[in-house]
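Text of the file protein.csv, holding CSV, C-alpha atoms:
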```
chain,number,residue,atom,x,y,z
K,106,MET,CA,-69.3,-14.3,164.6
K,107,ALA,CA,-66.2,-12.1,165.1
K,108,CYS,CA,-64.5,-15.3,166.2
K,109,VAL,CA,-65.2,-17.0,162.9
K,110,ALA,CA,-63.9,-14.1,160.9
K,111,GLU,CA,-60.8,-14.0,163.1
K,112,ALA,CA,-60.2,-17.7,162.6
K,113,CYS,CA,-60.4,-17.2,158.9
K,114,ALA,CA,-57.9,-14.4,158.9
K,115,MET,CA,-55.4,-16.4,161.0
K,116,ALA,CA,-53.2,-18.5,158.9
K,117,ARG,CA,-53.3,-22.2,159.9
K,118,VAL,CA,-50.0,-23.4,161.1
K,119,ASP,CA,-48.2,-25.8,158.8
K,120,TYR,CA,-44.8,-27.4,158.8
K,121,PRO,CA,-41.9,-25.0,158.3
K,122,GLU,CA,-41.0,-24.8,154.6
K,123,PRO,CA,-37.9,-27.1,154.8
K,124,VAL,CA,-40.0,-29.8,156.5
K,125,GLY,CA,-42.8,-29.5,153.9
K,126,HIS,CA,-40.2,-29.7,151.2
K,127,LEU,CA,-38.6,-32.8,152.7
K,128,VAL,CA,-42.1,-34.5,152.9
K,129,ALA,CA,-42.7,-33.6,149.3
K,130,GLU,CA,-39.4,-35.1,148.2
K,131,LEU,CA,-40.0,-38.3,150.2
K,132,LYS,CA,-43.5,-38.6,148.8
K,133,ARG,CA,-41.9,-39.0,145.3
K,134,LEU,CA,-40.2,-42.3,146.3
K,135,PRO,CA,-41.8,-45.5,145.0
K,136,GLY,CA,-44.2,-47.0,147.6
K,137,ILE,CA,-44.1,-44.0,149.9
K,138,GLY,CA,-47.5,-42.4,150.4
K,139,PRO,CA,-48.2,-39.0,152.0
K,140,ARG,CA,-48.6,-40.5,155.5
K,141,SER,CA,-45.4,-42.5,155.3
K,142,ALA,CA,-43.5,-39.5,153.9
K,143,GLU,CA,-44.7,-37.3,156.8
K,144,ARG,CA,-43.8,-40.0,159.4
K,145,ILE,CA,-40.4,-40.6,157.9
K,146,ALA,CA,-39.6,-36.8,157.7
K,147,ILE,CA,-40.7,-36.4,161.4
K,148,TRP,CA,-38.6,-39.4,162.4
K,149,LEU,CA,-35.6,-38.1,160.5
K,150,LEU,CA,-35.8,-34.7,162.2
K,151,GLN,CA,-36.8,-35.9,165.7
K,152,SER,CA,-35.5,-39.3,166.5
K,153,GLN,CA,-32.1,-39.5,168.2
K,154,ARG,CA,-31.4,-42.6,166.2
K,155,ALA,CA,-32.0,-40.8,162.9
K,156,GLU,CA,-29.0,-39.5,160.9
K,157,PRO,CA,-30.5,-37.3,158.1
K,158,LEU,CA,-27.1,-36.0,157.1
K,159,SER,CA,-25.6,-39.5,156.7
K,160,LEU,CA,-28.6,-40.4,154.5
K,161,ALA,CA,-28.0,-37.3,152.5
K,162,GLU,CA,-24.3,-38.1,152.1
K,163,ALA,CA,-25.1,-41.7,151.0
K,164,LEU,CA,-27.4,-40.3,148.4
K,165,GLN,CA,-24.8,-37.9,147.1
K,166,LYS,CA,-22.1,-40.5,147.1
K,167,ALA,CA,-24.2,-43.1,145.3
K,168,ALA,CA,-25.5,-40.6,142.7
K,169,SER,CA,-22.0,-39.2,141.9
K,170,GLU,CA,-20.0,-42.4,142.1
K,171,VAL,CA,-22.3,-45.1,140.6
K,172,GLY,CA,-23.0,-45.3,136.9
K,173,SER,CA,-23.7,-48.0,134.4
K,174,CYS,CA,-21.1,-50.3,132.9
K,175,PRO,CA,-20.8,-49.3,129.2
K,176,VAL,CA,-20.5,-53.0,128.2
K,177,CYS,CA,-23.1,-54.8,130.3
K,178,GLY,CA,-25.2,-52.1,131.9
K,179,PHE,CA,-24.7,-53.3,135.5
K,180,PHE,CA,-23.8,-50.8,138.2
K,181,ALA,CA,-20.2,-49.7,137.9
K,182,THR,CA,-18.0,-47.3,139.9
K,183,ARG,CA,-14.9,-45.5,138.9
K,184,GLU,CA,-13.0,-48.7,139.6
K,185,GLY,CA,-14.9,-50.5,136.9
K,186,CYS,CA,-17.6,-53.1,136.6
K,187,PRO,CA,-17.5,-55.9,139.2
K,188,VAL,CA,-18.8,-58.4,136.6
K,189,CYS,CA,-17.0,-57.6,133.4
K,190,ASP,CA,-13.7,-57.0,135.2
K,191,ASP,CA,-13.8,-60.4,136.9
K,192,THR,CA,-11.5,-62.5,134.8
K,193,ARG,CA,-12.6,-65.8,136.5
K,194,ARG,CA,-16.0,-65.5,134.9
K,195,ASP,CA,-17.1,-67.6,132.0
K,196,ARG,CA,-17.0,-65.2,129.0
K,197,THR,CA,-18.9,-67.6,126.7
K,198,ARG,CA,-22.2,-67.2,128.5
K,199,ILE,CA,-24.2,-63.9,128.6
K,200,CYS,CA,-27.3,-63.8,130.8
K,201,VAL,CA,-29.7,-61.2,129.5
K,202,VAL,CA,-31.8,-59.5,132.3
K,203,GLU,CA,-34.2,-56.5,132.2
K,204,GLN,CA,-32.7,-54.5,135.0
K,205,PRO,CA,-29.3,-54.3,136.7
K,206,ALA,CA,-31.0,-55.1,140.0
K,207,GLU,CA,-32.0,-58.5,138.7
K,208,VAL,CA,-28.4,-59.5,138.6
K,209,LEU,CA,-28.3,-59.7,142.4
K,210,PRO,CA,-30.8,-62.5,142.9
K,211,ILE,CA,-29.1,-64.6,140.3
K,212,GLU,CA,-25.7,-64.0,141.9
K,213,ARG,CA,-27.2,-64.8,145.3
K,214,ALA,CA,-28.5,-68.1,144.0
K,215,GLY,CA,-25.0,-68.9,142.8
K,216,ALA,CA,-26.6,-70.5,139.7
K,217,PHE,CA,-24.6,-68.7,137.1
K,218,LYS,CA,-21.0,-67.6,136.7
K,219,GLY,CA,-20.9,-66.0,133.3
K,220,LEU,CA,-21.4,-62.4,132.2
K,221,TYR,CA,-24.6,-60.3,132.2
K,222,HIS,CA,-26.3,-58.0,129.8
K,223,CYS,CA,-28.9,-55.5,131.2
K,224,LEU,CA,-31.4,-54.4,128.7
K,225,GLY,CA,-32.7,-51.5,130.7
K,226,GLY,CA,-36.4,-52.7,130.4
K,227,LYS,CA,-38.6,-54.9,128.3
K,228,LEU,CA,-40.5,-54.4,125.1
K,229,SER,CA,-43.9,-52.8,125.8
K,230,PRO,CA,-45.7,-51.1,122.9
K,231,LEU,CA,-48.3,-49.8,125.4
K,232,ASP,CA,-45.7,-47.9,127.3
K,233,ASN,CA,-43.9,-46.8,124.1
K,234,VAL,CA,-40.9,-49.0,124.8
K,235,THR,CA,-39.5,-50.1,121.4
K,236,PRO,CA,-36.3,-52.1,120.6
K,237,GLU,CA,-34.5,-48.8,120.2
K,238,ASP,CA,-35.1,-48.0,123.8
K,239,LEU,CA,-33.3,-51.1,125.0
K,240,LEU,CA,-29.6,-51.9,124.9
K,241,ILE,CA,-30.0,-54.5,122.2
K,242,GLY,CA,-27.4,-53.1,119.9
K,243,GLY,CA,-24.7,-53.5,122.6
K,244,LEU,CA,-25.7,-57.2,123.0
K,245,LEU,CA,-25.4,-57.8,119.3
K,246,ARG,CA,-22.0,-56.2,119.3
K,247,ARG,CA,-20.8,-58.3,122.2
K,248,VAL,CA,-21.9,-61.5,120.4
K,249,ALA,CA,-20.3,-60.3,117.1
K,250,GLU,CA,-17.0,-59.4,118.8
K,251,SER,CA,-16.6,-62.6,120.7
K,252,ASP,CA,-13.9,-65.0,119.5
K,253,GLU,CA,-15.8,-68.1,120.6
K,254,GLN,CA,-19.4,-69.0,120.2
K,255,VAL,CA,-21.4,-67.6,123.1
K,256,GLU,CA,-24.6,-68.9,124.8
K,257,VAL,CA,-27.1,-66.1,125.3
K,258,ILE,CA,-29.4,-67.0,128.2
K,259,LEU,CA,-32.6,-65.0,128.2
K,260,ALA,CA,-33.5,-64.4,131.8
K,261,VAL,CA,-36.2,-61.8,131.1
K,262,GLY,CA,-39.5,-62.1,133.0
K,263,ALA,CA,-42.2,-64.7,132.1
K,264,ASP,CA,-44.9,-62.0,131.7
K,265,VAL,CA,-46.3,-60.9,128.3
K,266,GLU,CA,-43.7,-58.2,127.8
K,267,GLY,CA,-40.9,-60.5,128.9
K,268,GLU,CA,-42.0,-63.1,126.4
K,269,ALA,CA,-42.3,-60.5,123.6
K,270,THR,CA,-38.7,-59.3,124.5
K,271,ALA,CA,-37.4,-62.9,124.4
K,272,GLY,CA,-39.1,-63.5,121.1
K,273,TYR,CA,-37.6,-60.4,119.6
K,274,LEU,CA,-34.1,-61.2,120.9
K,275,ARG,CA,-34.4,-64.8,119.5
K,276,GLU,CA,-35.2,-63.2,116.1
K,277,VAL,CA,-32.3,-60.7,116.0
K,278,LEU,CA,-29.8,-63.2,117.4
K,279,ALA,CA,-30.8,-65.9,114.9
K,280,GLY,CA,-27.8,-66.8,112.6
K,281,LYS,CA,-25.4,-64.9,114.8
K,282,ASN,CA,-22.4,-66.5,116.5
K,283,CYS,CA,-24.4,-67.7,119.4
K,284,SER,CA,-26.9,-70.2,120.8
K,285,VAL,CA,-30.0,-68.8,122.5
K,286,THR,CA,-31.6,-70.4,125.6
K,287,ARG,CA,-34.4,-69.3,127.9
K,288,LEU,CA,-34.7,-69.9,131.6
K,289,ALA,CA,-36.9,-72.9,132.4
K,290,GLN,CA,-40.5,-72.3,133.5
K,291,GLY,CA,-42.3,-74.6,135.9
K,292,LEU,CA,-43.3,-75.1,139.5
K,293,PRO,CA,-41.4,-72.8,141.9
K,294,ALA,CA,-39.3,-74.8,144.4
K,295,GLY,CA,-41.4,-75.6,147.5
K,296,GLY,CA,-44.6,-74.7,145.7
K,297,GLY,CA,-47.5,-77.2,145.9
K,298,LEU,CA,-49.6,-78.0,142.9
K,299,GLU,CA,-52.6,-76.4,144.5
K,300,PHE,CA,-50.9,-72.9,144.4
K,301,ALA,CA,-49.8,-73.1,140.7
K,302,ASP,CA,-51.8,-71.2,138.1
K,303,GLU,CA,-52.9,-72.8,134.9
K,304,LEU,CA,-50.2,-71.3,132.7
K,305,THR,CA,-47.4,-72.4,135.1
K,306,LEU,CA,-48.8,-75.9,135.1
K,307,MET,CA,-49.0,-75.9,131.4
K,308,ARG,CA,-45.4,-74.8,131.1
K,309,ALA,CA,-44.4,-77.3,133.7
K,310,PHE,CA,-46.0,-80.1,131.6
K,311,GLU,CA,-44.4,-78.8,128.4
K,312,GLY,CA,-41.0,-78.7,130.0
K,313,ARG,CA,-41.2,-82.1,131.8
K,314,LYS,CA,-38.1,-84.3,131.5
S,8,MET,CA,-16.2,-80.8,140.7
S,9,ALA,CA,-13.6,-78.3,139.5
S,10,CYS,CA,-16.6,-76.1,138.6
S,11,VAL,CA,-17.9,-76.0,142.1
S,12,ALA,CA,-14.5,-75.1,143.6
S,13,GLU,CA,-14.2,-72.4,141.1
S,14,ALA,CA,-17.6,-71.0,141.9
S,15,CYS,CA,-16.7,-70.9,145.5
S,16,ALA,CA,-13.5,-69.1,144.9
S,17,MET,CA,-15.3,-66.5,142.7
S,18,ALA,CA,-16.7,-63.6,144.8
S,19,ARG,CA,-20.4,-63.2,144.2
S,20,VAL,CA,-21.2,-59.9,142.7
S,21,ASP,CA,-23.0,-57.5,144.9
S,22,TYR,CA,-24.0,-53.8,144.6
S,23,PRO,CA,-21.1,-51.4,144.5
S,24,GLU,CA,-20.3,-50.1,148.0
S,25,PRO,CA,-22.1,-46.7,147.6
S,26,VAL,CA,-25.3,-48.5,146.5
S,27,GLY,CA,-25.1,-51.0,149.4
S,28,HIS,CA,-24.5,-48.1,151.8
S,29,LEU,CA,-27.5,-46.2,150.4
S,30,VAL,CA,-29.7,-49.3,150.8
S,31,ALA,CA,-28.5,-49.7,154.4
S,32,GLU,CA,-29.3,-46.0,155.2
S,33,LEU,CA,-32.8,-46.3,153.6
S,34,LYS,CA,-33.4,-49.5,155.6
S,35,ARG,CA,-33.1,-47.6,158.8
S,36,LEU,CA,-36.1,-45.4,158.0
S,37,PRO,CA,-39.4,-46.3,159.8
S,38,GLY,CA,-41.6,-48.6,157.8
S,39,ILE,CA,-39.0,-49.4,155.2
S,40,GLY,CA,-38.0,-53.0,154.9
S,41,PRO,CA,-35.0,-54.5,153.1
S,42,ARG,CA,-36.9,-55.0,149.9
S,43,SER,CA,-38.4,-51.5,149.9
S,44,ALA,CA,-35.0,-50.0,150.6
S,45,GLU,CA,-33.4,-51.8,147.7
S,46,ARG,CA,-36.3,-50.8,145.4
S,47,ILE,CA,-36.1,-47.2,146.4
S,48,ALA,CA,-32.3,-47.1,146.1
S,49,ILE,CA,-32.4,-48.6,142.6
S,50,TRP,CA,-35.2,-46.2,141.6
S,51,LEU,CA,-33.2,-43.2,142.9
S,52,LEU,CA,-30.2,-44.2,140.9
S,53,GLN,CA,-31.9,-45.3,137.7
S,54,SER,CA,-35.2,-43.6,137.2
S,55,GLN,CA,-35.1,-40.5,135.1
S,56,ARG,CA,-37.8,-39.0,137.3
S,57,ALA,CA,-35.7,-39.5,140.4
S,58,GLU,CA,-33.6,-36.6,141.8
S,59,PRO,CA,-31.4,-38.1,144.5
S,60,LEU,CA,-29.5,-34.8,144.9
S,61,SER,CA,-32.6,-32.8,145.5
S,62,LEU,CA,-33.7,-35.3,148.2
S,63,ALA,CA,-30.2,-35.0,149.7
S,64,GLU,CA,-30.4,-31.2,149.7
S,65,ALA,CA,-33.9,-31.3,151.3
S,66,LEU,CA,-32.6,-33.5,154.0
S,67,GLN,CA,-29.6,-31.2,154.7
S,68,LYS,CA,-31.7,-28.1,154.6
S,69,ALA,CA,-34.4,-29.5,157.0
S,70,ALA,CA,-31.8,-30.9,159.3
S,71,SER,CA,-29.8,-27.7,159.5
S,72,GLU,CA,-32.7,-25.2,159.5
S,73,VAL,CA,-35.4,-26.8,161.5
S,74,GLY,CA,-35.2,-27.0,165.3
S,75,SER,CA,-37.6,-27.0,168.2
S,76,CYS,CA,-39.2,-23.9,169.6
S,77,PRO,CA,-37.7,-23.4,173.1
S,78,VAL,CA,-41.1,-22.3,174.4
S,79,CYS,CA,-43.6,-24.7,172.9
S,80,GLY,CA,-41.5,-27.5,171.3
S,81,PHE,CA,-43.2,-27.2,167.9
S,82,PHE,CA,-41.0,-27.0,164.8
S,83,ALA,CA,-39.2,-23.7,164.5
S,84,THR,CA,-36.8,-22.2,162.0
S,85,ARG,CA,-34.4,-19.3,162.3
S,86,GLU,CA,-37.3,-17.0,161.7
S,87,GLY,CA,-39.0,-18.3,164.8
S,88,CYS,CA,-42.0,-20.4,165.8
S,89,PRO,CA,-45.0,-20.1,163.6
S,90,VAL,CA,-47.3,-20.6,166.5
S,91,CYS,CA,-45.8,-18.6,169.4
S,92,ASP,CA,-44.9,-15.7,167.1
S,93,ASP,CA,-48.5,-15.3,165.8
S,94,THR,CA,-49.9,-12.5,167.8
S,95,ARG,CA,-53.5,-13.2,166.7
S,96,ARG,CA,-53.5,-16.4,168.6
S,97,ASP,CA,-55.4,-16.7,171.9
S,98,ARG,CA,-52.6,-16.7,174.6
S,99,THR,CA,-54.9,-17.9,177.4
S,100,ARG,CA,-55.3,-21.4,176.0
S,101,ILE,CA,-52.5,-23.9,175.8
S,102,CYS,CA,-53.2,-27.2,174.1
S,103,VAL,CA,-50.8,-30.0,175.3
S,104,VAL,CA,-49.9,-32.6,172.8
S,105,GLU,CA,-47.4,-35.5,172.8
S,106,GLN,CA,-45.5,-34.7,169.6
S,107,PRO,CA,-45.1,-31.6,167.4
S,108,ALA,CA,-46.5,-33.6,164.5
S,109,GLU,CA,-49.8,-33.8,166.3
S,110,VAL,CA,-50.2,-30.0,166.0
S,111,LEU,CA,-50.9,-30.3,162.3
S,112,PRO,CA,-54.2,-32.4,162.4
S,113,ILE,CA,-55.5,-30.0,165.1
S,114,GLU,CA,-54.6,-27.0,162.9
S,115,ARG,CA,-56.1,-28.6,159.8
S,116,ALA,CA,-59.4,-29.2,161.7
S,117,GLY,CA,-59.4,-25.5,162.5
S,118,ALA,CA,-60.8,-26.4,166.0
S,119,PHE,CA,-58.4,-24.4,168.1
S,120,LYS,CA,-56.6,-21.1,167.8
S,121,GLY,CA,-54.6,-20.9,171.0
S,122,LEU,CA,-51.0,-21.9,171.7
S,123,TYR,CA,-49.5,-25.4,171.9
S,124,HIS,CA,-47.2,-27.3,174.2
S,125,CYS,CA,-45.4,-30.4,172.9
S,126,LEU,CA,-44.4,-32.7,175.7
S,127,GLY,CA,-42.1,-34.8,173.4
S,128,GLY,CA,-43.7,-38.1,174.5
S,129,LYS,CA,-46.0,-39.6,177.1
S,130,LEU,CA,-45.4,-41.2,180.5
S,131,SER,CA,-44.5,-44.9,180.0
S,132,PRO,CA,-42.8,-46.6,182.9
S,133,LEU,CA,-42.3,-49.7,180.7
S,134,ASP,CA,-40.3,-47.7,178.2
S,135,ASN,CA,-38.5,-45.8,181.0
S,136,VAL,CA,-40.2,-42.5,180.1
S,137,THR,CA,-40.6,-40.6,183.4
S,138,PRO,CA,-41.9,-37.0,184.0
S,139,GLU,CA,-38.3,-35.8,183.8
S,140,ASP,CA,-38.1,-37.0,180.2
S,141,LEU,CA,-41.0,-34.8,179.1
S,142,LEU,CA,-41.1,-31.0,178.8
S,143,ILE,CA,-43.4,-30.6,181.8
S,144,GLY,CA,-41.2,-28.0,183.6
S,145,GLY,CA,-41.6,-25.7,180.6
S,146,LEU,CA,-45.4,-26.0,180.8
S,147,LEU,CA,-45.5,-25.1,184.5
S,148,ARG,CA,-43.3,-22.1,183.8
S,149,ARG,CA,-45.6,-20.9,181.0
S,150,VAL,CA,-48.6,-21.2,183.3
S,151,ALA,CA,-46.7,-19.4,186.2
S,152,GLU,CA,-45.5,-16.6,183.9
S,153,SER,CA,-48.9,-15.9,182.4
S,154,ASP,CA,-50.6,-12.6,183.5
S,155,GLU,CA,-54.1,-14.1,183.0
S,156,GLN,CA,-55.5,-17.4,184.1
S,157,VAL,CA,-54.9,-19.9,181.3
S,158,GLU,CA,-56.9,-23.0,180.2
S,159,VAL,CA,-54.6,-26.0,179.7
S,160,ILE,CA,-56.3,-28.4,177.3
S,161,LEU,CA,-54.9,-31.9,177.5
S,162,ALA,CA,-54.9,-33.3,174.0
S,163,VAL,CA,-52.8,-36.4,174.7
S,164,GLY,CA,-53.9,-39.8,173.4
S,165,ALA,CA,-56.7,-41.8,174.9
S,166,ASP,CA,-54.5,-44.9,175.4
S,167,VAL,CA,-53.2,-46.0,178.8
S,168,GLU,CA,-50.0,-43.9,178.6
S,169,GLY,CA,-52.0,-40.9,177.5
S,170,GLU,CA,-54.4,-41.2,180.4
S,171,ALA,CA,-51.5,-41.6,182.8
S,172,THR,CA,-49.8,-38.5,181.4
S,173,ALA,CA,-53.1,-36.6,181.6
S,174,GLY,CA,-53.5,-37.7,185.2
S,175,TYR,CA,-50.0,-36.7,186.1
S,176,LEU,CA,-50.4,-33.2,184.5
S,177,ARG,CA,-53.8,-32.7,186.3
S,178,GLU,CA,-51.9,-33.3,189.5
S,179,VAL,CA,-48.9,-31.0,189.0
S,180,LEU,CA,-51.2,-28.3,187.6
S,181,ALA,CA,-53.6,-28.4,190.5
S,182,GLY,CA,-53.7,-25.1,192.4
S,183,LYS,CA,-51.8,-23.3,189.7
S,184,ASN,CA,-53.1,-20.3,187.8
S,185,CYS,CA,-55.0,-22.4,185.3
S,186,SER,CA,-58.0,-24.6,184.6
S,187,VAL,CA,-57.3,-28.0,183.1
S,188,THR,CA,-59.6,-29.6,180.5
S,189,ARG,CA,-59.3,-32.9,178.5
S,190,LEU,CA,-60.5,-33.5,175.0
S,191,ALA,CA,-63.9,-35.2,174.9
S,192,GLN,CA,-64.0,-38.9,174.2
S,193,GLY,CA,-66.9,-40.5,172.4
S,194,LEU,CA,-68.0,-41.8,169.1
S,195,PRO,CA,-65.9,-40.7,166.1
S,196,ALA,CA,-67.7,-38.6,163.6
S,197,GLY,CA,-69.4,-40.8,161.0
S,198,GLY,CA,-68.8,-43.9,163.1
S,199,GLY,CA,-71.7,-46.2,163.5
S,200,LEU,CA,-72.4,-47.8,166.9
S,201,GLU,CA,-71.5,-51.2,165.6
S,202,PHE,CA,-67.9,-50.2,165.1
S,203,ALA,CA,-67.4,-48.6,168.5
S,204,ASP,CA,-65.5,-50.7,171.1
S,205,GLU,CA,-66.8,-51.0,174.7
S,206,LEU,CA,-64.6,-48.4,176.2
S,207,THR,CA,-65.5,-45.8,173.6
S,208,LEU,CA,-69.2,-46.5,174.2
S,209,MET,CA,-68.7,-46.3,177.9
S,210,ARG,CA,-66.9,-42.9,177.5
S,211,ALA,CA,-69.6,-41.8,175.1
S,212,PHE,CA,-72.3,-42.6,177.7
S,213,GLU,CA,-70.4,-40.9,180.5
S,214,GLY,CA,-69.9,-37.8,178.4
S,215,ARG,CA,-73.5,-37.5,177.1
S,216,LYS,CA,-75.0,-34.1,177.3
```
I'd like the structure from this file rewritten - as structure tokens, please.
Amino acid sequence: MACVAEACAMARVDYPEPVGHLVAELKRLPGIGPRSAERIAIWLLQSQRAEPLSLAEALQKAASEVGSCPVCGFFATREGCPVCDDTRRDRTRICVVEQPAEVLPIERAGAFKGLYHCLGGKLSPLDNVTPEDLLIGGLLRRVAESDEQVEVILAVGADVEGEATAGYLREVLAGKNCSVTRLAQGLPAGGGLEFADELTLMRAFEGRK
Amino acid sequence: MACVAEACAMARVDYPEPVGHLVAELKRLPGIGPRSAERIAIWLLQSQRAEPLSLAEALQKAASEVGSCPVCGFFATREGCPVCDDTRRDRTRICVVEQPAEVLPIERAGAFKGLYHCLGGKLSPLDNVTPEDLLIGGLLRRVAESDEQVEVILAVGADVEGEATAGYLREVLAGKNCSVTRLAQGLPAGGGLEFADELTLMRAFEGRK
């Protein structure tokens, strides 16, 4: 029984504090669970291919140098916004997205060469996101300040909150110096009918041409 | 057609360089794909709950303060090794594991209160890991320098490379001032017979008592 008492008295070995702290920080990242955080931390500290300091530097650089464009909300550096500053872009079209990251797939598709407006989210009463939380005032200002009539293309998601956001924007933009359009809904390219859900099929029928 | 030529001439917008660099660094982490890296980077830069600088600091601190114990290979800080420096531990038992991270589950189980020796890997001719790549010399030295006879407990994995490593260690430790044991193999606790593979069942029969 002395053995048991002794074992209780002895502190169990854990990671040194800096490792434990790193694991805790990694665990906070989205999609990283406790096991992954531990594995990544160990890899960072032990693998010869790992460069923890270069990751740390990249974090600091991105955090200090990257901000939001005050006009469109996309990522901007000290040199300015890569979208708003590009004079070759069509200034009569503004594509409204929820998040800055959504600009990238649109750009990669090459489907659009106008300007963007990032709302910073979508209306969601359940999560306490009201119109005041989104960058809607800035959009209205851009429309009002434009010399020509603009086309506002609503590229928010096709989920309930996205539809609500689109509906709200249609309302506040009504009568302003702009036309409002919404991205088409229908079958995704390469998608067979057997994989389409009912709502998608309904929208595809409604939008047939 | 002028439109198409124009679109080609226009550079597609991508993330600002610091964001792209951060995504590239995150993509190098084990288990993090391109999509996850992008999502984590965006979260780090945009979420109000994210603290990129505190993650950067944790990385720098862990990288600069945490090293390997020169004796056992477990994580050690400037204050020393939490295992080797604990005088209450049984110095006549050395548990041999592949990686320092494997010390933690053994400690959490509370099944062992001796010392450890981390090999830094396991023998694997296919991956060019030979005995020279593992910290086997240090283990022999510890056994040779011990005043009392020690028990070397081989807690390497039960896979092919683990068995090869165990076999090799048995060989080089034969005739030295130590006894060599191997962790028992058999049914995992709580595991029903229907989930056990043939090799596990065979080992469980062999090891019956």
Tell me as JSON, numbers by chain which residues belonging to chain K come within 7 Å of chain S, counting only C-alpha atoms. {"K": [115, 117, 118, 119, 121, 123, 124, 126, 127, 130, 134, 135, 145, 150, 157, 158, 160, 161, 163, 164, 165, 166, 167, 168, 180, 181, 182, 187, 188, 193, 209, 212]}
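Atom to atom, CA of Leu231 in chain K and CA of Glu203 in chain K stand 17.0 Å apart.
Those residues that approach Asp195 in chain K to within 8 Å, counting only C-alpha atoms, are Arg198, Lys218, Gly219 and Leu220 of chain K; same-chain residues fewer than 3 positions away are not listed.
Counting from CA of Ala260 in chain K, the distance to CA of Glu276 in chain K is 15.8 Å.
With CA of Ala171 in chain S on one side and CA of Phe212 in chain S on the other, the separation reads 21.4 Å.
For Cys283 in chain K, the set of protein, DNA and RNA residues having any atom at most 8 Å away, when counting only C-alpha atoms and skipping those fewer than 3 positions along the same chain, is Val248, Gln254, Val255, Glu256, Val257, Leu278 and Gly280 of chain K.
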Just checking: using all atoms listed in the file, which residue out of S:Pro195, S:Gly144, S:Gly40, S:Pro77 ends up closest to Val179 in chain S? S:Gly144
